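Since the structure comes first, as structure tokens, the remarks are kept for the end.
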There are 2 protein chains.
Amino acid sequence: MQDWPLLVGKLIDHAATFHGDREVVSLACEGGTHRSNWRTVRDRSRQVAGALRRMGINPGDRVATLAWNTWRHVESWYGISGMGGVAHTINPRLFEDQIAFIAAHAEDRVLFFDLTFLALVEKLAPRLTTIEKFVLLTDRAHMPADTTLDLLCYEDLIAGEDPQAPWTEVPETAAAGLCYTSGTTGNPKGVQYSHRSNVLHAMAACMTDTFGIGARTVVMPIAPMYHANAWSIPYTAACAGAKLVMAGPNFDPPTLQKMILDEGVDLALAVPTIWLGMMQHLEKTGGNLGKLNRTGIGGSAVPRSMIETYDKLGVRVLQLWGMTEMSPLGTIGFPTTEIEAMPYEQQLDYRIKQGRGIFGVEMKIVSYDGEELPRDGKAFGRLMVRGPWIVGSYFKGDGQSAFDADGWFDTGDVATLCPLGYMQIVDRSKDVIKSGGEWISSIDLENVAVGAPGVAEAAVIGIHHPKWDERPLLLVRRKEGAQVTKESVLSYLDGKIAKWWTPDDVLIVDDLPHTATGKLLKTELRDRYKDYKLPTA
Amino acid sequence: MQDWPLLVGKLIDHAATFHGDREVVSLACEGGTHRSNWRTVRDRSRQVAGALRRMGINPGDRVATLAWNTWRHVESWYGISGMGGVAHTINPRLFEDQIAFIAAHAEDRVLFFDLTFLALVEKLAPRLTTIEKFVLLTDRAHMPADTTLDLLCYEDLIAGEDPQAPWTEVPETAAAGLCYTSGTTGNPKGVQYSHRSNVLHAMAACMTDTFGIGARTVVMPIAPMYHANAWSIPYTAACAGAKLVMAGPNFDPPTLQKMILDEGVDLALAVPTIWLGMMQHLEKTGGNLGKLNRTGIGGSAVPRSMIETYDKLGVRVLQLWGMTEMSPLGTIGFPTTEIEAMPYEQQLDYRIKQGRGIFGVEMKIVSYDGEELPRDGKAFGRLMVRGPWIVGSYFKGDGQSAFDADGWFDTGDVATLCPLGYMQIVDRSKDVIKSGGEWISSIDLENVAVGAPGVAEAAVIGIHHPKWDERPLLLVRRKEGAQVTKESVLSYLDGKIAKWWTPDDVLIVDDLPHTATGKLLKTELRDRYKDYKLPTA
């Protein structure tokens, strides 16, 4: 068979050749709607590649982007990877210290960025010492008159380059992209995607039971390109010749809804928060979502009620699970024949799981001691994954402890696997309570406890116990004016959880600490209660 | 990213792990219906691998099969490739001399075969000198009492092997399969598929716009496994976790229809002849095709009327084009948004083409001199292809002239490419008439000429011309009792073809030579008329 390396340039070449007129539509950072197509985006990507070569960027060098989902960002991606460079997408929502850290760690040589981030880049510039060139992703008319930076204008930069110059030939295992995890502990760690992993992932994502993207699809990635590659859509849409719709810097429901209606979007992908906002917006305005018939939702668990609400709108929720370390796809929730034959309520029991395994992602769950556990939907253990688009080592050798001797990657999640092929996350490994060699899911306990009368929020952490290793401590925040006691909560839990899961103590607290994105900050809770003695100990 | 080689064993491991209970149903050569599932088929494949290892078969050795589409043939495939061997599917419809030739050329060490072929194998055995073991794909009860062969029984052979023994680890570029082309000239040439090419092809075939196979699909490959891998369905169905339905040695419409109805088949794949027979059967019986909603049809061009008839039955015809040299998929006819928006008759103009390009298959058409021609739907030239599941060289270095310096494979077809991404075959390269540096399609001319009053069949060949290089000679066979003259035919053609395409002579003949499968035998025609002088020369 022919030696035909899997290079990302071939994805957009396919789109340009067979679907050249298919549209790429974006809301621009400068305002207004920009219309292009795969042929033009490909040609301009080749111009970006030419400009980088002319700047002296070499294969393997990192070129950073700090940008929203737009045609220029897509062109930059393909241009950087296409000349052998590594497209490093920086998440603008990181703390400034983290941005400075990762730009230095990645040794980024060039930064492409959107107008939105001008003030941020001006402020950070003195700390971005490896960056030689700052390229503003705009045209001459929108270049700032007054800036402390020595700026290049994107449109001027690429204007003179050859739109037909061939891509640089690199091995398919060469790095094409780089993205840092936003770990809650320690410094962010870099994940390098290869050309091979991006192409295989795009092919898998085009499969019928994955995103089901074809040439007739109109897809809008709302997940940003700096968030695990916008879930690979800029690659996937090219692979299938789909129409690509992007909302630029906009995430508000009215703008997204208008884009969905105006462009005939039938598939859109975003985290639950976005879809919650959209639900509320539609409820208030009585509007609809036009041709939208399915959504990919990932990033955190999708509530059952959200699935039901979108079903009523004629929109199928495809819950998916992935990680920056997994390019990102791990599982997705297209039903099987068995599940479709079930009554609706029972179908939902499967649809609230994180999804079915797809070809290319091996999964297993292991116990405390590394023993593989049964796929019975009940046993839960550390979720280990292996596959061609899963990280084999972090950039520069960070985080070695996440890999076992056989190359399995430890996701940091605790999960169940069921006989129908579905995976469900039960807890984070670091939050699960290890009691007498068995595990108790802090999330499951919290989900039950939050239903107790008068309870506004619940958190469960493990406390050291001389006999059992750890036992659960339940912390509850009261609803305003409600009467809640340890006894009232324990009495509510009785019969709803396994006896041995019963918390050894319940504390009524005034507040619970949260991360910037609203998740419980368990590290701080564990720190607060590190000297706490359980009454049973 | 992880080094996760693309091995065919991983396809069936995925099916066994995530879709273990999904059925694999076959009509058996011994009669009756056999029901299994992916878990069992995988486990038994591993037993086949174990048996081959025990026989002393080494990675890289060829193991032949002469068998219909059944669960045992699928197990044999995965077992052979899974222990590092090369599964060589022999086409039982070849001439005996050709079978003896290819078994020797491939140096097959073992032959797995169906009961149906016992007499054939007994007869050929003295010439199958490289074959050390003959394995009959049946159980003890069906072993023949009286045979000249020293036979092994498949079920006995694998019974004691470990169903959990791991696959042999080989590089993804190692050969997994071997299939010989049935070329009309010269000896058959071998095409070796690699693990990588088979896995990439399976992933591409699962894409939404290709076969669109998912876990809910019930797929029946009617195309035999010895015919370009049954168009990859034994791999593709495993990759998606689809239900696999196989009709064993049966190709008659009533049996196929019953299987489609009984098993709920929604996708079936076969050559036009099969679908023509099915049309006639349904017309006669007034039956239907149950849940069947699409057919993949390839192997030769699909008539417009067949597409219309199946549309009326609620079955979408997906015309596809491929070659043994292409694993086999090259193009397939899922429509784009533009085509779906056209009036029905205009859609058919596209649907009679051979299909759209899919990611992984680069195509171009080139002139006489190797210059790339425009993709305007009009210009036609030699169709050249490149991609990861396309042959890079024939087995043992045969047929080198089919590859150009840049690795493009010459398909031997002359085709057009259109702006909407569709390819249409115009002629075979060797049959096209080269006139004054331009090409005339013999097939197009024949298709028009056969419409002339009184003409039963038409054939066009190129005759040497001192000025134009070649000019067309039209040979027509009259309908019984009809009056046909050179003048009546030329007068009919006038205005229906370009002036310069007009044949330089028309001969009325009593018969035209055909191949065994009913195609015009142009080699013989060219031979018959090699000394013919055109009146215009």
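By convention here, the chains of the structure tokens are called A, B, ... in the order presented, each chain's residues are numbered starting at 1, and ligands are numbered starting at 1 in the order presented.
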Practice item. Kindly determine which residues of chain B lie within 6 Å of chain A, considering only C-alpha atoms, and give the answer as JSON, numbers by chain. Key: {"B": [1, 2, 4, 18, 206, 207, 208, 209, 212, 214, 215, 216, 336, 337, 387, 388, 389, 390, 391, 392, 421]}
Go ahead and write the selection's residues with N, CA and C atoms as a JSON list (two decimals), in the first residue's frame.
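This is the output file part.json:
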[["chain", "number", "residue", "atom", "x", "y", "z"],
["B", 1, "MET", "N", 1.75, 11.91, 21.36],
["B", 1, "MET", "CA", 0.61, 11.00, 21.24],
["B", 1, "MET", "C", 1.12, 9.54, 21.31],
["B", 2, "GLN", "N", 0.22, 8.67, 21.73],
["B", 2, "GLN", "CA", 0.62, 7.27, 21.91],
["B", 2, "GLN", "C", 0.91, 6.59, 20.58],
["B", 4, "TRP", "N", 0.07, 3.71, 18.82],
["B", 4, "TRP", "CA", -1.01, 2.70, 18.86],
["B", 4, "TRP", "C", -1.17, 2.22, 17.44],
["B", 18, "PHE", "N", -17.17, -3.57, 23.03],
["B", 18, "PHE", "CA", -18.26, -2.60, 23.16],
["B", 18, "PHE", "C", -19.57, -3.08, 22.54],
["B", 206, "CYS", "N", -16.81, 3.89, 7.51],
["B", 206, "CYS", "CA", -17.81, 4.17, 8.56],
["B", 206, "CYS", "C", -18.23, 5.63, 8.57],
["B", 207, "MET", "N", -17.57, 6.46, 7.78],
["B", 207, "MET", "CA", -17.91, 7.88, 7.81],
["B", 207, "MET", "C", -19.33, 8.10, 7.26],
["B", 208, "THR", "N", -19.93, 9.16, 7.75],
["B", 208, "THR", "CA", -21.33, 9.46, 7.47],
["B", 208, "THR", "C", -21.66, 9.44, 5.98],
["B", 209, "ASP", "N", -20.78, 10.02, 5.17],
["B", 209, "ASP", "CA", -21.07, 10.13, 3.73],
["B", 209, "ASP", "C", -20.52, 8.95, 2.94],
["B", 212, "GLY", "N", -21.93, 5.10, 5.90],
["B", 212, "GLY", "CA", -22.80, 5.54, 6.99],
["B", 212, "GLY", "C", -23.14, 4.43, 7.96],
["B", 214, "GLY", "N", -23.20, 2.51, 11.40],
["B", 214, "GLY", "CA", -23.07, 2.72, 12.84],
["B", 214, "GLY", "C", -23.52, 1.47, 13.57],
["B", 215, "ALA", "N", -23.60, 1.56, 14.89],
["B", 215, "ALA", "CA", -23.96, 0.39, 15.69],
["B", 215, "ALA", "C", -25.38, -0.08, 15.42],
["B", 216, "ARG", "N", -26.25, 0.82, 14.94],
["B", 216, "ARG", "CA", -27.64, 0.43, 14.67],
["B", 216, "ARG", "C", -27.83, -0.19, 13.29],
["B", 336, "THR", "N", -24.67, 16.02, -2.09],
["B", 336, "THR", "CA", -24.36, 17.22, -1.32],
["B", 336, "THR", "C", -25.64, 18.05, -1.22],
["B", 337, "THR", "N", -25.56, 19.13, -0.46],
["B", 337, "THR", "CA", -26.70, 20.03, -0.31],
["B", 337, "THR", "C", -27.14, 20.61, -1.67],
["B", 387, "GLY", "N", -3.36, 7.50, -2.21],
["B", 387, "GLY", "CA", -3.94, 7.45, -0.88],
["B", 387, "GLY", "C", -3.44, 6.28, -0.06],
["B", 388, "PRO", "N", -3.79, 6.26, 1.23],
["B", 388, "PRO", "CA", -3.21, 5.26, 2.15],
["B", 388, "PRO", "C", -3.77, 3.85, 2.00],
["B", 389, "TRP", "N", -4.88, 3.68, 1.25],
["B", 389, "TRP", "CA", -5.38, 2.32, 1.02],
["B", 389, "TRP", "C", -5.35, 1.99, -0.48],
["B", 390, "ILE", "N", -4.40, 2.63, -1.19],
["B", 390, "ILE", "CA", -4.24, 2.38, -2.62],
["B", 390, "ILE", "C", -2.89, 1.71, -2.82],
["B", 391, "VAL", "N", -2.88, 0.73, -3.73],
["B", 391, "VAL", "CA", -1.68, -0.07, -3.95],
["B", 391, "VAL", "C", -0.47, 0.82, -4.30],
["B", 392, "GLY", "N", 0.66, 0.50, -3.71],
["B", 392, "GLY", "CA", 1.90, 1.23, -3.97],
["B", 392, "GLY", "C", 2.78, 0.47, -4.93],
["B", 421, "GLY", "N", -17.46, 17.69, -7.19],
["B", 421, "GLY", "CA", -16.67, 16.64, -6.56],
["B", 421, "GLY", "C", -16.96, 15.23, -7.05]]
**Study point:** Near-A:Arg304 list (10 Å; only C-alpha atoms; drop same-chain fewer than 3 positions) as a PyMOL selection string
**Key:** chain A and resi 301+307-309+345+348-349+351-353
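The space between atom CA of A:Val385 and atom CA of A:Lys364 spans 6.6 Å.
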Review point. Which of these, A:Ala452, A:Leu507, A:Ala237, A:Leu473, has the shortest distance to A:Leu493 once you count only C-alpha atoms?
Key: A:Ala452
**Study point:** Exercise: A:Pro188 partners within 10 Å, only C-alpha atoms, chain neighbours under 6 positions left out, as a PyMOL selection string
**Key:** chain A and resi 94+98-99+101-102+105+179-182+398-399
Review point. Where does DSSP see helix (DSSP H, G or I) in stretch 369-463 of chain A, if you list the residues as a PyMOL selection string?
Key: chain A and resi 395-397+400-402+442-449
Do a neighbour search on stretch 229-235 of chain A at 7 Å with only C-alpha atoms, toss out local chain neighbours closer than 3 positions, and write the hits as an mmCIF file with all heavy atoms, in the first residue's frame.
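Below you can see out_13.cif, which holds the result:
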data_model
loop_
_atom_site.group_PDB
_atom_site.id
_atom_site.type_symbol
_atom_site.label_atom_id
_atom_site.label_comp_id
_atom_site.auth_asym_id
_atom_site.auth_seq_id
_atom_site.Cartn_x
_atom_site.Cartn_y
_atom_site.Cartn_z
ATOM 1 N N LEU A 11 -6.325 17.292 5.043
ATOM 2 C CA LEU A 11 -7.740 17.481 5.389
ATOM 3 C C LEU A 11 -8.305 18.679 4.634
ATOM 4 O O LEU A 11 -9.345 18.602 3.989
ATOM 5 C CB LEU A 11 -7.896 17.689 6.900
ATOM 6 C CG LEU A 11 -7.553 16.496 7.806
ATOM 7 C CD1 LEU A 11 -7.477 16.938 9.262
ATOM 8 C CD2 LEU A 11 -8.590 15.397 7.657
ATOM 9 N N VAL A 74 -8.675 29.667 11.866
ATOM 10 C CA VAL A 74 -8.594 28.388 11.143
ATOM 11 C C VAL A 74 -7.444 28.425 10.128
ATOM 12 O O VAL A 74 -6.644 27.496 10.030
ATOM 13 C CB VAL A 74 -9.940 28.070 10.443
ATOM 14 C CG1 VAL A 74 -9.813 26.837 9.550
ATOM 15 C CG2 VAL A 74 -11.040 27.847 11.482
ATOM 16 N N ALA A 202 -9.989 13.172 13.388
ATOM 17 C CA ALA A 202 -10.981 13.775 12.489
ATOM 18 C C ALA A 202 -11.778 12.688 11.777
ATOM 19 O O ALA A 202 -13.001 12.780 11.645
ATOM 20 C CB ALA A 202 -10.297 14.687 11.479
ATOM 21 N N PRO A 221 -18.990 24.952 15.906
ATOM 22 C CA PRO A 221 -18.295 24.684 17.169
ATOM 23 C C PRO A 221 -18.382 25.934 18.038
ATOM 24 O O PRO A 221 -17.822 26.973 17.696
ATOM 25 C CB PRO A 221 -16.855 24.408 16.724
ATOM 26 C CG PRO A 221 -16.695 25.176 15.437
ATOM 27 C CD PRO A 221 -18.063 25.314 14.824
ATOM 28 N N ALA A 223 -17.660 25.572 21.352
ATOM 29 C CA ALA A 223 -16.439 25.326 22.122
ATOM 30 C C ALA A 223 -15.289 26.019 21.389
ATOM 31 O O ALA A 223 -15.155 25.877 20.186
ATOM 32 C CB ALA A 223 -16.176 23.827 22.211
ATOM 33 N N PRO A 224 -14.500 26.786 22.104
ATOM 34 C CA PRO A 224 -13.448 27.558 21.429
ATOM 35 C C PRO A 224 -12.280 26.688 20.967
ATOM 36 O O PRO A 224 -12.036 25.620 21.507
ATOM 37 C CB PRO A 224 -12.981 28.543 22.503
ATOM 38 C CG PRO A 224 -13.842 28.336 23.697
ATOM 39 C CD PRO A 224 -14.533 27.027 23.558
ATOM 40 N N MET A 225 -11.573 27.193 19.957
ATOM 41 C CA MET A 225 -10.440 26.444 19.407
ATOM 42 C C MET A 225 -9.314 26.262 20.432
ATOM 43 O O MET A 225 -8.498 25.372 20.290
ATOM 44 C CB MET A 225 -9.920 27.131 18.139
ATOM 45 C CG MET A 225 -10.880 26.961 16.963
ATOM 46 S SD MET A 225 -10.525 28.035 15.545
ATOM 47 C CE MET A 225 -8.977 27.350 14.967
ATOM 48 N N TYR A 226 -9.289 27.107 21.466
ATOM 49 C CA TYR A 226 -8.260 26.932 22.505
ATOM 50 C C TYR A 226 -8.714 25.921 23.552
ATOM 51 O O TYR A 226 -7.988 25.622 24.486
ATOM 52 C CB TYR A 226 -7.895 28.278 23.163
ATOM 53 C CG TYR A 226 -9.064 29.048 23.734
ATOM 54 C CD1 TYR A 226 -9.671 28.657 24.918
ATOM 55 C CD2 TYR A 226 -9.553 30.166 23.072
ATOM 56 C CE1 TYR A 226 -10.751 29.347 25.432
ATOM 57 C CE2 TYR A 226 -10.631 30.871 23.575
ATOM 58 C CZ TYR A 226 -11.235 30.459 24.760
ATOM 59 O OH TYR A 226 -12.308 31.148 25.261
ATOM 60 N N ALA A 238 -13.523 19.947 7.687
ATOM 61 C CA ALA A 238 -12.763 19.883 6.433
ATOM 62 C C ALA A 238 -12.750 18.463 5.888
ATOM 63 O O ALA A 238 -12.915 18.239 4.688
ATOM 64 C CB ALA A 238 -11.342 20.381 6.665
ATOM 65 N N CYS A 239 -12.568 17.503 6.767
ATOM 66 C CA CYS A 239 -12.510 16.089 6.374
ATOM 67 C C CYS A 239 -13.805 15.673 5.676
ATOM 68 O O CYS A 239 -13.791 14.872 4.745
ATOM 69 C CB CYS A 239 -12.277 15.246 7.628
ATOM 70 S SG CYS A 239 -12.069 13.490 7.355
ATOM 71 N N PRO A 328 -10.190 15.788 21.522
ATOM 72 C CA PRO A 328 -10.440 15.331 22.883
ATOM 73 C C PRO A 328 -11.319 14.088 22.997
ATOM 74 O O PRO A 328 -11.581 13.655 24.094
ATOM 75 C CB PRO A 328 -11.226 16.518 23.446
ATOM 76 C CG PRO A 328 -12.066 16.966 22.296
ATOM 77 C CD PRO A 328 -11.245 16.687 21.049
#
